[in-house]
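Here is protein_36.tsv, consisting of TSV, C-alpha atoms:
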chain	number	residue	atom	x	y	z
A	187	MET	CA	73.66	18.42	8.95
A	188	LYS	CA	73.25	22.16	9.36
A	189	ALA	CA	71.64	21.68	12.74
A	190	VAL	CA	74.94	20.24	14.01
A	191	THR	CA	77.52	22.26	12.06
A	192	GLU	CA	75.90	25.59	13.01
A	193	LEU	CA	75.48	24.74	16.71
A	194	SER	CA	76.77	27.41	19.07
A	195	ASN	CA	77.26	25.03	22.02
A	196	LYS	CA	78.43	21.61	20.80
A	197	GLU	CA	79.99	20.81	24.16
A	198	ASN	CA	76.59	20.64	25.92
A	199	LYS	CA	76.04	16.87	25.76
A	200	PRO	CA	73.44	14.83	27.67
A	201	ARG	CA	74.77	13.11	30.78
A	202	LEU	CA	73.72	10.00	32.63
A	203	ILE	CA	74.44	11.87	35.86
A	204	PRO	CA	73.10	15.39	35.22
A	205	VAL	CA	73.69	18.32	37.55
A	206	SER	CA	70.75	20.49	36.50
A	207	LYS	CA	68.28	21.50	39.22
A	208	GLN	CA	65.34	21.43	36.77
A	209	ALA	CA	63.43	18.15	36.71
A	210	GLU	CA	62.78	18.22	32.96
A	211	ARG	CA	66.46	18.86	32.21
A	212	ARG	CA	67.53	15.95	34.41
A	213	LEU	CA	64.98	13.58	32.86
A	214	LEU	CA	65.84	14.58	29.31
A	215	SER	CA	69.59	14.34	29.93
A	216	VAL	CA	69.31	10.81	31.31
A	217	PHE	CA	66.95	9.65	28.56
A	218	MET	CA	68.97	11.11	25.69
A	219	ALA	CA	72.22	9.72	27.11
A	220	LEU	CA	70.54	6.33	27.43
A	221	ILE	CA	69.32	6.14	23.83
A	222	GLU	CA	72.73	7.27	22.60
A	223	LEU	CA	74.46	4.53	24.61
A	224	ILE	CA	72.13	1.57	23.89
A	225	PRO	CA	71.40	0.93	20.17
A	226	ALA	CA	68.47	-1.46	20.77
A	227	ILE	CA	66.58	1.12	22.82
A	228	ARG	CA	67.47	3.92	20.41
A	229	SER	CA	66.28	1.89	17.43
A	230	GLU	CA	62.85	1.14	18.96
A	231	PHE	CA	62.30	4.69	20.16
A	232	LEU	CA	63.31	6.42	16.90
A	233	LEU	CA	61.21	3.95	14.92
A	234	SER	CA	58.16	5.28	16.77
A	235	CYS	CA	59.31	8.75	15.68
A	236	GLY	CA	59.37	7.81	12.00
A	237	TYR	CA	63.06	6.97	11.63
A	238	GLY	CA	64.04	3.37	10.89
A	239	GLY	CA	67.84	3.56	10.97
A	240	GLY	CA	68.42	4.23	14.65
A	241	LYS	CA	70.34	1.03	15.42
A	242	THR	CA	73.00	1.27	12.68
A	243	SER	CA	73.32	5.05	12.35
A	244	SER	CA	76.00	7.19	13.91
A	245	VAL	CA	74.24	9.33	16.52
A	246	GLN	CA	74.96	12.66	18.13
A	247	SER	CA	72.81	14.35	20.73
A	248	PHE	CA	72.98	17.75	22.39
A	249	MET	CA	71.22	19.62	25.18
A	250	GLU	CA	69.82	23.18	25.16
A	251	VAL	CA	70.87	23.85	21.58
A	252	SER	CA	71.25	27.38	20.23
A	253	TYR	CA	72.09	28.94	16.86
A	254	ALA	CA	73.60	32.42	16.94
A	255	SER	CA	73.62	32.61	13.15
A	256	ALA	CA	69.99	31.64	12.68
A	257	ARG	CA	67.17	34.12	12.19
A	258	LEU	CA	65.50	32.65	15.27
A	259	SER	CA	68.59	32.91	17.48
A	260	ASP	CA	66.45	33.29	20.62
A	261	VAL	CA	64.73	29.90	20.05
A	262	ARG	CA	66.53	27.20	22.06
A	263	PRO	CA	65.17	23.65	21.92
A	264	ASP	CA	65.88	21.50	24.97
A	265	GLY	CA	67.58	18.85	22.88
A	266	LEU	CA	68.74	17.70	19.46
A	267	ILE	CA	69.11	14.14	18.16
A	268	SER	CA	71.09	13.78	14.92
A	269	CYS	CA	71.45	10.49	13.02
A	270	LYS	CA	73.52	9.68	9.95
A	271	ARG	CA	73.72	6.48	7.93
A	272	GLY	CA	75.68	6.70	4.71
A	273	SER	CA	74.51	9.81	2.93
A	274	THR	CA	71.14	9.82	4.73
A	275	GLU	CA	70.64	12.21	7.63
A	276	TRP	CA	67.74	12.58	10.08
A	277	GLY	CA	67.30	14.93	13.00
A	278	ALA	CA	64.80	15.92	15.66
A	279	PHE	CA	64.46	18.76	18.14
A	280	VAL	CA	63.25	17.76	21.60
A	281	GLU	CA	61.17	19.72	24.10
A	282	ALA	CA	60.71	18.38	27.63
A	283	LYS	CA	58.46	19.29	30.56
A	284	ALA	CA	58.07	17.55	33.92
A	285	ASP	CA	55.91	17.64	37.05
A	286	GLY	CA	52.74	19.63	36.28
A	287	LYS	CA	54.15	21.70	33.41
A	288	SER	CA	52.49	21.43	30.00
A	289	ILE	CA	53.86	21.70	26.48
A	290	ARG	CA	53.27	25.18	25.01
A	291	PRO	CA	52.08	25.00	21.38
A	292	ASP	CA	53.52	28.44	20.56
A	293	GLN	CA	56.96	27.20	21.60
A	294	ILE	CA	56.63	24.16	19.35
A	295	GLN	CA	55.60	26.45	16.49
A	296	ASP	CA	58.89	28.33	16.94
A	297	TYR	CA	60.77	25.01	16.95
A	298	ALA	CA	59.01	24.02	13.73
A	299	GLU	CA	60.12	27.26	12.07
A	300	LEU	CA	63.70	26.74	13.25
A	301	ALA	CA	63.56	23.10	12.13
A	302	ALA	CA	62.49	24.15	8.63
A	303	ALA	CA	65.44	26.54	8.41
A	304	LEU	CA	67.93	23.86	9.54
A	305	ASP	CA	66.48	20.85	7.66
A	306	ILE	CA	65.38	19.09	10.84
A	307	ASP	CA	62.83	16.35	10.15
A	308	ALA	CA	60.85	16.08	13.36
A	309	ILE	CA	60.03	17.53	16.75
A	310	ILE	CA	59.61	15.32	19.81
A	311	THR	CA	57.81	16.56	22.91
A	312	LEU	CA	57.96	14.86	26.31
A	313	SER	CA	55.80	15.67	29.34
A	314	ASN	CA	53.42	14.12	31.84
A	315	GLU	CA	50.52	14.71	29.43
A	316	PHE	CA	49.28	11.39	28.05
A	317	ALA	CA	48.77	10.94	24.31
A	318	LEU	CA	46.61	8.39	22.52
A	319	SER	CA	49.58	7.61	20.26
A	320	PRO	CA	52.88	9.39	19.48
A	321	SER	CA	51.35	11.13	16.47
A	322	GLU	CA	48.18	12.29	18.27
A	323	LEU	CA	49.21	15.32	20.32
A	324	PRO	CA	47.63	16.23	23.69
A	325	TYR	CA	47.92	19.89	22.66
A	326	HIS	CA	46.63	21.67	19.55
A	327	MET	CA	48.95	22.40	16.65
A	328	ALA	CA	47.46	23.74	13.43
A	329	ALA	CA	48.78	21.99	10.32
A	330	SER	CA	49.82	25.35	8.87
A	331	LYS	CA	52.08	25.95	11.88
A	332	ARG	CA	54.00	22.69	11.60
A	333	ARG	CA	56.06	23.80	8.62
A	334	LYS	CA	55.66	20.28	7.24
A	335	ARG	CA	57.58	18.88	10.22
A	336	GLU	CA	56.51	15.64	11.88
A	337	ILE	CA	55.65	16.15	15.55
A	338	TYR	CA	55.54	13.31	18.10
A	339	HIS	CA	54.60	13.29	21.76
A	340	PHE	CA	55.35	10.85	24.58
A	341	ALA	CA	54.29	10.83	28.22
A	342	TRP	CA	57.17	10.19	30.59
A	343	ALA	CA	55.21	7.35	32.20
A	344	ASP	CA	54.80	5.70	28.79
A	345	LEU	CA	58.52	6.07	28.12
A	346	ARG	CA	59.23	4.48	31.49
A	347	THR	CA	56.97	1.56	30.51
A	348	PHE	CA	58.82	1.35	27.20
A	349	LEU	CA	62.17	1.19	29.02
A	350	GLU	CA	60.89	-1.41	31.49
A	351	GLY	CA	60.23	-3.66	28.51
A	352	PHE	CA	63.98	-3.74	27.86
A	353	ARG	CA	64.98	-4.69	31.40
A	354	ASN	CA	65.20	-8.39	30.44
A	355	HIS	CA	65.74	-7.86	26.71
A	356	GLU	CA	67.93	-10.57	25.21
A	357	SER	CA	69.78	-8.14	22.91
A	358	LEU	CA	71.20	-6.07	25.78
A	359	GLN	CA	74.74	-6.65	26.98
A	360	PRO	CA	75.32	-7.00	30.76
A	361	LEU	CA	76.73	-3.49	31.05
A	362	GLU	CA	73.85	-2.03	29.00
A	363	ARG	CA	71.37	-3.80	31.28
A	364	GLU	CA	73.15	-2.40	34.33
A	365	VAL	CA	73.00	1.14	32.94
A	366	LEU	CA	69.32	0.75	32.09
A	367	SER	CA	68.52	-0.53	35.59
A	368	GLU	CA	70.18	2.50	37.19
A	369	CYS	CA	68.31	4.87	34.87
A	370	LEU	CA	65.01	3.18	35.69
A	371	ARG	CA	65.80	3.50	39.38
A	372	PHE	CA	65.92	7.26	38.81
A	373	PHE	CA	62.80	7.27	36.62
A	374	TRP	CA	60.83	5.54	39.40
A	375	ASP	CA	62.05	7.92	42.11
A	376	ALA	CA	59.34	10.26	43.41
A	377	SER	CA	61.64	13.27	42.87
A	378	SER	CA	62.19	12.51	39.16
A	379	GLY	CA	59.23	14.64	38.03
A	380	ILE	CA	57.40	11.75	36.35
A	381	ALA	CA	53.69	11.50	37.12
A	382	THR	CA	51.93	8.19	36.61
A	383	TYR	CA	48.41	7.76	35.27
A	384	ASP	CA	46.25	8.26	38.36
A	385	ALA	CA	42.71	9.23	37.31
A	386	MET	CA	40.13	8.06	34.78
A	387	PRO	CA	38.66	10.62	32.34
A	388	VAL	CA	36.23	13.26	33.61
A	389	LYS	CA	33.12	11.39	32.42
A	390	TRP	CA	33.98	8.19	34.30
A	391	PRO	CA	31.34	8.71	37.07
A	392	GLU	CA	28.67	9.33	34.41
A	393	PHE	CA	29.44	6.04	32.64
A	394	VAL	CA	29.45	4.10	35.89
A	395	GLN	CA	26.08	5.63	36.76
A	396	ALA	CA	24.67	4.87	33.29
A	397	ALA	CA	25.79	1.22	33.46
A	398	GLY	CA	23.52	0.67	36.44
A	399	ILE	CA	20.29	1.82	34.78
A	400	ALA	CA	18.18	0.40	31.97
A	401	LEU	CA	19.16	3.12	29.47
A	402	GLY	CA	22.87	2.26	29.66
A	403	PHE	CA	25.18	3.44	26.90
A	404	GLY	CA	26.46	2.26	23.51
A	405	THR	CA	29.55	2.35	21.32
A	406	LYS	CA	28.56	5.75	19.94
A	407	THR	CA	27.82	7.41	23.28
A	408	GLN	CA	29.82	10.62	23.57
A	409	GLY	CA	32.85	10.12	25.77
A	410	ILE	CA	33.17	6.33	25.46
A	411	THR	CA	36.37	6.60	23.41
A	412	GLU	CA	37.95	8.76	26.11
A	413	ILE	CA	37.00	6.19	28.78
A	414	VAL	CA	38.59	3.39	26.73
A	415	HIS	CA	41.71	5.44	26.07
A	416	GLY	CA	41.98	6.17	29.77
A	417	TRP	CA	41.78	2.47	30.60
A	418	GLN	CA	44.35	1.64	27.91
A	419	GLN	CA	46.75	4.13	29.48
A	420	GLU	CA	46.12	2.69	32.94
A	421	ARG	CA	46.81	-0.90	31.93
A	422	ARG	CA	50.06	0.14	30.17
A	423	ASP	CA	51.11	2.05	33.26
A	424	LEU	CA	50.14	-0.87	35.48
A	425	CYS	CA	52.21	-3.23	33.32
A	426	SER	CA	55.22	-1.02	33.99
A	427	LYS	CA	54.54	-1.05	37.74
A	428	LEU	CA	54.15	-4.84	37.81
A	429	THR	CA	57.48	-5.20	36.01
A	430	TYR	CA	59.16	-2.82	38.43
A	431	GLN	CA	57.65	-4.42	41.54
A	432	THR	CA	58.62	-7.99	40.65
A	433	GLY	CA	61.60	-7.66	38.33
A	434	LEU	CA	59.83	-10.08	36.00
A	435	ASP	CA	59.25	-9.75	32.28
A	436	VAL	CA	55.54	-8.79	32.33
A	437	GLN	CA	53.68	-8.63	29.03
A	438	LEU	CA	50.32	-7.02	28.37
A	439	ILE	CA	48.09	-9.42	26.43
A	440	HIS	CA	45.13	-8.10	24.46
A	441	GLU	CA	42.01	-10.18	23.81
A	442	ALA	CA	41.89	-8.89	20.23
A	443	GLY	CA	45.05	-10.88	19.45
A	444	VAL	CA	48.77	-10.21	19.19
A	445	ARG	CA	48.47	-9.13	15.56
A	446	SER	CA	45.75	-6.55	16.19
A	447	ASP	CA	46.66	-2.91	15.61
A	448	ARG	CA	45.74	0.13	17.70
A	449	ASP	CA	42.40	0.74	15.95
A	450	GLU	CA	41.34	-2.91	16.24
A	451	ARG	CA	42.11	-2.89	19.95
A	452	LEU	CA	40.24	0.36	20.44
A	453	ASN	CA	37.15	-1.03	18.69
A	454	TYR	CA	37.35	-4.28	20.64
A	455	ASP	CA	37.59	-2.47	23.98
A	456	ARG	CA	34.80	-0.09	23.04
A	457	ARG	CA	32.46	-2.97	22.19
A	458	ALA	CA	33.34	-4.82	25.40
A	459	LEU	CA	32.54	-1.71	27.41
A	460	ALA	CA	29.31	-0.93	25.56
A	461	ASP	CA	28.00	-4.51	25.36
A	462	ASP	CA	29.08	-5.94	28.71
A	463	TYR	CA	30.11	-2.84	30.74
A	464	LEU	CA	33.52	-4.42	31.31
A	465	LEU	CA	37.10	-3.19	31.22
A	466	THR	CA	39.84	-5.84	31.26
A	467	ALA	CA	43.62	-6.09	31.42
A	468	THR	CA	45.48	-9.39	31.03
A	469	TYR	CA	49.15	-9.91	31.88
A	470	ALA	CA	51.45	-12.82	31.09
A	471	PHE	CA	54.92	-13.59	32.41
A	472	LYS	CA	57.88	-14.76	30.37
A	473	GLY	CA	58.79	-18.34	31.20
A	474	SER	CA	55.51	-18.98	33.01
A	475	LYS	CA	52.07	-20.13	31.90
A	476	THR	CA	50.42	-18.19	34.71
A	477	GLN	CA	48.20	-15.26	33.69
A	478	LEU	CA	46.88	-12.37	35.75
A	479	LYS	CA	43.68	-10.59	34.76
A	480	ALA	CA	42.18	-7.40	36.17
A	481	LEU	CA	38.49	-6.77	35.49
A	482	ALA	CA	36.28	-3.79	36.23
A	483	ASP	CA	32.51	-4.38	36.08
A	484	LEU	CA	30.71	-1.04	35.75
A	485	GLN	CA	27.29	-2.57	36.42
A	486	SER	CA	28.19	-4.06	39.78
A	487	CYS	CA	30.89	-1.48	40.63
A	488	ARG	CA	33.19	-4.38	41.40
A	489	THR	CA	36.90	-4.67	40.69
A	490	SER	CA	38.32	-8.20	40.46
A	491	VAL	CA	41.74	-9.70	39.90
A	492	SER	CA	42.15	-13.35	38.93
A	493	LEU	CA	45.25	-15.51	38.76
A	494	GLN	CA	45.09	-18.54	36.47
A	495	ILE	CA	47.73	-21.19	37.18
A	496	LEU	CA	48.48	-24.70	36.01
A	497	PRO	CA	48.64	-27.37	38.74
A	498	PRO	CA	51.70	-29.61	39.16
A	499	SER	CA	51.67	-32.30	36.48
A	500	ASN	CA	52.80	-35.03	38.88
A	501	LYS	CA	49.89	-34.79	41.32
A	502	LYS	CA	46.44	-36.37	41.34
A	503	ALA	CA	43.17	-34.60	42.13
A	504	ARG	CA	43.19	-34.71	45.95
A	505	ALA	CA	46.91	-33.91	46.09
A	506	VAL	CA	46.36	-30.83	43.93
A	507	VAL	CA	43.69	-29.53	46.30
A	508	SER	CA	46.07	-30.01	49.25
A	509	TRP	CA	48.86	-28.34	47.28
A	510	ILE	CA	46.82	-25.21	46.50
A	511	LEU	CA	45.57	-24.93	50.09
A	512	ASN	CA	49.14	-25.06	51.38
A	513	ALA	CA	50.22	-22.43	48.85
A	514	LEU	CA	47.38	-20.09	49.84
A	515	ASP	CA	48.15	-20.35	53.55
A	516	GLY	CA	48.78	-16.65	54.20
A	517	ASP	CA	47.04	-13.40	55.05
A	518	SER	CA	47.44	-12.17	51.45
A	519	TRP	CA	44.93	-14.74	50.23
A	520	GLN	CA	42.14	-14.13	52.74
A	521	GLY	CA	38.79	-13.52	51.09
A	522	SER	CA	39.80	-15.29	47.87
A	523	THR	CA	37.68	-17.70	45.86
A	524	VAL	CA	39.24	-20.72	44.16
A	525	SER	CA	37.94	-22.35	40.96
A	526	PHE	CA	38.99	-25.77	39.68
A	527	ASP	CA	38.53	-26.52	35.98
A	528	TRP	CA	38.29	-30.32	35.91
A	529	LYS	CA	38.34	-32.37	32.74
A	530	GLY	CA	34.98	-32.89	31.08
A	531	ARG	CA	32.00	-30.66	30.37
A	532	ASN	CA	30.66	-28.28	33.00
A	533	GLN	CA	33.18	-29.43	35.58
A	534	ASN	CA	34.19	-26.02	36.89
A	535	ARG	CA	33.80	-25.83	40.67
A	536	THR	CA	34.20	-22.65	42.71
A	537	PHE	CA	34.67	-22.31	46.47
A	538	ASP	CA	35.34	-19.59	48.99
A	539	LEU	CA	38.83	-20.27	50.28
A	540	ALA	CA	37.59	-20.35	53.89
A	541	ASP	CA	34.94	-22.97	53.01
A	542	LEU	CA	37.44	-25.01	51.00
A	543	ARG	CA	39.69	-25.30	54.04
A	544	VAL	CA	36.80	-26.79	56.04
A	545	GLU	CA	35.74	-29.33	53.40
A	546	PRO	CA	38.60	-29.76	50.88
A	547	GLU	CA	37.27	-33.13	49.71
A	548	LEU	CA	34.33	-31.40	47.96
A	549	ALA	CA	36.66	-29.86	45.39
A	550	SER	CA	37.98	-33.19	44.11
A	551	GLU	CA	34.89	-35.33	44.63
A	552	GLY	CA	34.53	-37.75	41.74
A	553	GLN	CA	37.85	-36.70	40.20
A	554	LYS	CA	41.10	-38.64	39.85
A	555	ASP	CA	43.38	-36.56	37.65
A	556	ALA	CA	44.60	-33.02	38.23
A	557	PRO	CA	42.39	-30.15	37.01
A	558	LYS	CA	43.21	-28.41	33.74
A	559	SER	CA	43.74	-25.13	35.58
A	560	ILE	CA	43.07	-23.32	38.84
A	561	ARG	CA	41.81	-19.76	39.11
A	562	ILE	CA	42.19	-17.64	42.25
A	563	VAL	CA	40.03	-14.51	42.44
A	564	GLN	CA	40.06	-11.51	44.75
A	565	SER	CA	37.64	-8.63	44.45
A	566	LYS	CA	36.63	-5.32	45.95
A	567	HIS	CA	33.10	-3.92	45.96
A	568	ASP	CA	32.83	-0.28	47.01
A	569	VAL	CA	30.41	1.79	44.94
A	570	ARG	CA	31.66	5.15	46.15
A	571	ARG	CA	35.32	4.37	45.49
A	572	PHE	CA	34.52	2.73	42.15
A	573	LYS	CA	32.80	5.91	40.92
A	574	SER	CA	35.77	8.05	41.94
A	575	ARG	CA	38.19	8.72	39.07
A	576	LYS	CA	41.24	8.47	41.33
A	577	LYS	CA	40.15	5.90	43.91
A	578	PHE	CA	39.12	3.49	41.16
A	579	ILE	CA	42.69	3.55	39.82
A	580	GLU	CA	44.09	3.19	43.33
A	581	ASP	CA	41.98	0.08	44.00
A	582	VAL	CA	42.75	-1.57	40.64
A	583	GLU	CA	46.48	-1.10	41.17
A	584	ALA	CA	46.52	-2.14	44.83
A	585	LEU	CA	44.49	-5.29	44.15
A	586	THR	CA	46.58	-6.28	41.13
A	587	ILE	CA	50.02	-5.53	42.57
A	588	ASN	CA	49.25	-7.20	45.92
A	589	MET	CA	48.06	-10.40	44.24
A	590	LEU	CA	51.06	-10.51	41.94
A	591	MET	CA	53.50	-10.01	44.80
A	592	ALA	CA	51.80	-12.80	46.77
A	593	ALA	CA	51.83	-15.08	43.72
A	594	ASP	CA	55.52	-14.45	43.16
A	595	GLU	CA	56.27	-15.15	46.82
A	596	VAL	CA	54.73	-18.64	46.72
A	597	GLY	CA	56.29	-19.55	43.37
A	598	PHE	CA	53.27	-19.35	41.06
A	599	LEU	CA	55.26	-17.33	38.52
A	600	SER	CA	58.26	-19.63	38.28
A	601	LYS	CA	58.86	-21.72	35.17

For this file, produce the structure as structure tokens.
Amino acid sequence: MKAVTELSNKENKPRLIPVSKQAERRLLSVFMALIELIPAIRSEFLLSCGYGGGKTSSVQSFMEVSYASARLSDVRPDGLISCKRGSTEWGAFVEAKADGKSIRPDQIQDYAELAAALDIDAIITLSNEFALSPSELPYHMAASKRRKREIYHFAWADLRTFLEGFRNHESLQPLEREVLSECLRFFWDASSGIATYDAMPVKWPEFVQAAGIALGFGTKTQGITEIVHGWQQERRDLCSKLTYQTGLDVQLIHEAGVRSDRDERLNYDRRALADDYLLTATYAFKGSKTQLKALADLQSCRTSVSLQILPPSNKKARAVVSWILNALDGDSWQGSTVSFDWKGRNQNRTFDLADLRVEPELASEGQKDAPKSIRIVQSKHDVRRFKSRKKFIEDVEALTINMLMAADEVGFLSK
């Protein structure tokens, strides 16, 4: 590949322990070293960049590449990934920003011109700017300026979520898992330069306001797609945080089904928001039948988190009620409501936890066998905070993470 043979600085390789003082250089060095070292991660990442041979190819990567012989000798991409399998070659230039810095389209145009001259297939940009998908850029690039190169973009927070998904991956060797854990420790550090998703789109207050009046809004209301995309980013980011906080294998479950694609999920979420004024996020845990669900109701300005668990199979009705009361004996569960789904039609019974402690026999009255499931709900109702783009995110995350940590502590997430 010309992009490798004509390199002026082949010795500048990515390092797992970089010495650069620039945040974007440190992040890029760690990430590129990681994907070069761990084939399973490299394969998944490059597949999302249009290359399907990442796991079995020979791979070379370089930092701050330059080409003295090229016409654009002053253009220096932050990185280069080069793959070769048999006679097939594939390469990508990489540009990285961190903290509050944004990708500059004019710089990517120069990379595209250099890529065309060196037979590079793609350009990958990384920053704290969120994208709807890798192929939908958060910055404008005219088709005529791409030089027929494929351009992909990833937010650092999304990449961190992607890496968290490999923490308990069965294909990783013990040493690979150890390396990944150390890299994630750096990616979660406040000094890394990675910004998480922390605010809903600009029109969020308008949609909350509209949900509370008769006029409301519909699936074609301007801005609804941006609201849904914002929520989709938040629930991905939250999934990453739940994984990091607990060390568990947390999976985001979508109501549209596991086989649904991005467009189907977007349409489903848009209808749910327009028809019911609801935003939802459901999480499952590997090895456990417990599910955690976050729900935002725009009409009531209420955020709720529910934990659905299965009762012990060896206990009868009254014993199950005693068991759940003992498990919820802590400050973390104050203010919760508890629902029992007993066998038979219309047998769901809901109690405030405080009331249930006073009269526990009411929950199992007329029942002998254990309930099919138990649901514990905590909620927050604060109109002013709900309408705030940032405080809404803060409350969703605090409520969800706190409940999950409490659930893990009492053993609800165990197999």

*Just the residues within 7 Å of region 484-491 of chain A, please, counting all atoms listed in the file, with nothing from its chain fewer than 5 positions along; format it as a list in words.*
Val394, Ala397, Gly398, Tyr463, Leu464, Lys479, Val563, Gln564, Ser565, Lys566, His567, Asp568, Val569, Phe572, Val582, Leu585 and Thr586 of chain A

*Spatial neighbours of region 533-545 of chain A, 6 Å, only C-alpha atoms, chain gap at least 4 places, as number ranges by chain*: A: 522-528

*asked:* Here is a test: counting only C-alpha atoms, which residue of A:Lys207, A:Arg570, A:Arg290, A:Arg262 is nearest to Asn195 (chain A)?
replied: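 Looking at the shortest contact to Asn195 (chain A), the residue is A:Arg262.
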
*Using all atoms listed in the file, find the one residue out of A:Gln437, A:Asp292, A:Glu222, A:Asp384 that sits nearest to Phe578 (chain A).*
A:Asp384

*For Asp260 (chain A), please output as a ChimeraX atom specification all residues within 12 Å (counting only C-alpha atoms; exclusion window: fewer than 5 positions along the same chain).*
/A:194,250-255,293,296-297,300

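Closest approach to Arg212 (chain A) among A:Gly379, A:Glu197, A:Ser273, A:Ser367: A:Gly379, based on only C-alpha atoms.
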
*For each of A:Glu299, A:Gly473, A:Leu478, A:Gly404, take the minimum atom-to-atom distance to Ala458 (chain A), counting only C-alpha atoms, then give the residue where this is smallest.*
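Smallest separation from Ala458 (chain A) among the options: A:Gly404.
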
*Skip region 597-599 of chain A itself and residues of its chain fewer than 2 positions away, then list as a list in words all residues within 10 Å of it, counting all atoms listed in the file.*
Leu434, Ala470, Phe471, Lys472, Gly473, Ser474, Lys475, Thr476, Gln477, Leu493, Gln494, Ile495, Leu496, Pro497, Ala513, Leu590, Met591, Ala592, Ala593, Asp594, Glu595 and Lys601 of chain A

*Determine the nearest neighbour of Ser357 (chain A) from the options A:Leu318, A:Ile227, A:Ile562, A:Ile587, counting only C-alpha atoms.*
A:Ile227

*Name the residues, using the chain letters and numbers of the file, that sit within 9 Å of (77.4, 4.1, 34.7) when counting all atoms listed in the file, and give them as number ranges by chain.*
A: 202-203, 361, 364-365, 368

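When only C-alpha atoms are used to compute distances to Ser499 (chain A), the closest of the residues A:Val444, A:Ala298, A:Ile289, A:Ala556 turns out to be A:Ala556.
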
*Have a look at CA of Thr311 (chain A) and CA of Trp374 (chain A) and let me know their distance in Å, one decimal.*
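Here the two named atoms are 20.1 Å from each other.
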
*Do you know which residues are at most 8 Å from region 411-425 of chain A counting all atoms listed in the file, after dropping those on the same chain fewer than 2 positions away, and could you put them as a PyMOL selection string?*
chain A and resi 316+318+343-344+347+382-384+386-387+389-390+408-409+427-429+436-438+452+455-456+459+465+467+469+579+583

_Interatomic distance (Å, one decimal) between CA of Ile294 (chain A) and CA of Ser244 (chain A)_ =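 Spanning CA of Ile294 (chain A) to CA of Ser244 (chain A) is a straight-line distance of 26.3 Å.
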
Centre and edge lengths of an axis-aligned box around all listed atoms of region 448-465 of chain A, with 3 Å added on each side, are to be given in Å to one decimal, as lines of an AutoDock Vina configuration file.
center_x = 36.9
center_y = -2.6
center_z = 23.6
size_x = 23.7
size_y = 12.7
size_z = 21.4

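Across the structure, CA of Ser288 (chain A) and CA of Gly240 (chain A) are spaced 28.0 Å apart.
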
Please reconstruct the missing atoms of region 460-471 of chain A (target: N, CA and C atoms) and return them as a JSON list (two decimals), in the frame of the given file.
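New file rebuild-v2.json:
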[["chain", "number", "residue", "atom", "x", "y", "z"],
["A", 460, "ALA", "N", 30.69, -1.25, 25.89],
["A", 460, "ALA", "CA", 29.31, -0.93, 25.56],
["A", 460, "ALA", "C", 28.38, -2.14, 25.71],
["A", 461, "ASP", "N", 28.85, -3.32, 25.34],
["A", 461, "ASP", "CA", 28.00, -4.51, 25.36],
["A", 461, "ASP", "C", 27.91, -5.15, 26.75],
["A", 462, "ASP", "N", 29.03, -5.20, 27.44],
["A", 462, "ASP", "CA", 29.08, -5.94, 28.71],
["A", 462, "ASP", "C", 29.44, -5.06, 29.91],
["A", 463, "TYR", "N", 29.71, -3.78, 29.67],
["A", 463, "TYR", "CA", 30.11, -2.84, 30.74],
["A", 463, "TYR", "C", 31.35, -3.32, 31.48],
["A", 464, "LEU", "N", 32.30, -3.89, 30.73],
["A", 464, "LEU", "CA", 33.52, -4.42, 31.31],
["A", 464, "LEU", "C", 34.77, -3.76, 30.75],
["A", 465, "LEU", "N", 35.76, -3.60, 31.61],
["A", 465, "LEU", "CA", 37.10, -3.19, 31.22],
["A", 465, "LEU", "C", 38.05, -4.28, 31.73],
["A", 466, "THR", "N", 38.96, -4.74, 30.86],
["A", 466, "THR", "CA", 39.84, -5.84, 31.26],
["A", 466, "THR", "C", 41.30, -5.51, 30.94],
["A", 467, "ALA", "N", 42.18, -6.17, 31.68],
["A", 467, "ALA", "CA", 43.62, -6.09, 31.42],
["A", 467, "ALA", "C", 44.23, -7.44, 31.78],
["A", 468, "THR", "N", 44.91, -8.06, 30.82],
["A", 468, "THR", "CA", 45.48, -9.39, 31.03],
["A", 468, "THR", "C", 47.00, -9.33, 30.89],
["A", 469, "TYR", "N", 47.69, -9.94, 31.85],
["A", 469, "TYR", "CA", 49.15, -9.91, 31.88],
["A", 469, "TYR", "C", 49.70, -11.32, 31.91],
["A", 470, "ALA", "N", 50.75, -11.54, 31.11],
["A", 470, "ALA", "CA", 51.45, -12.82, 31.09],
["A", 470, "ALA", "C", 52.90, -12.59, 31.53],
["A", 471, "PHE", "N", 53.58, -13.68, 31.85],
["A", 471, "PHE", "CA", 54.92, -13.59, 32.41],
["A", 471, "PHE", "C", 55.84, -14.52, 31.65]]
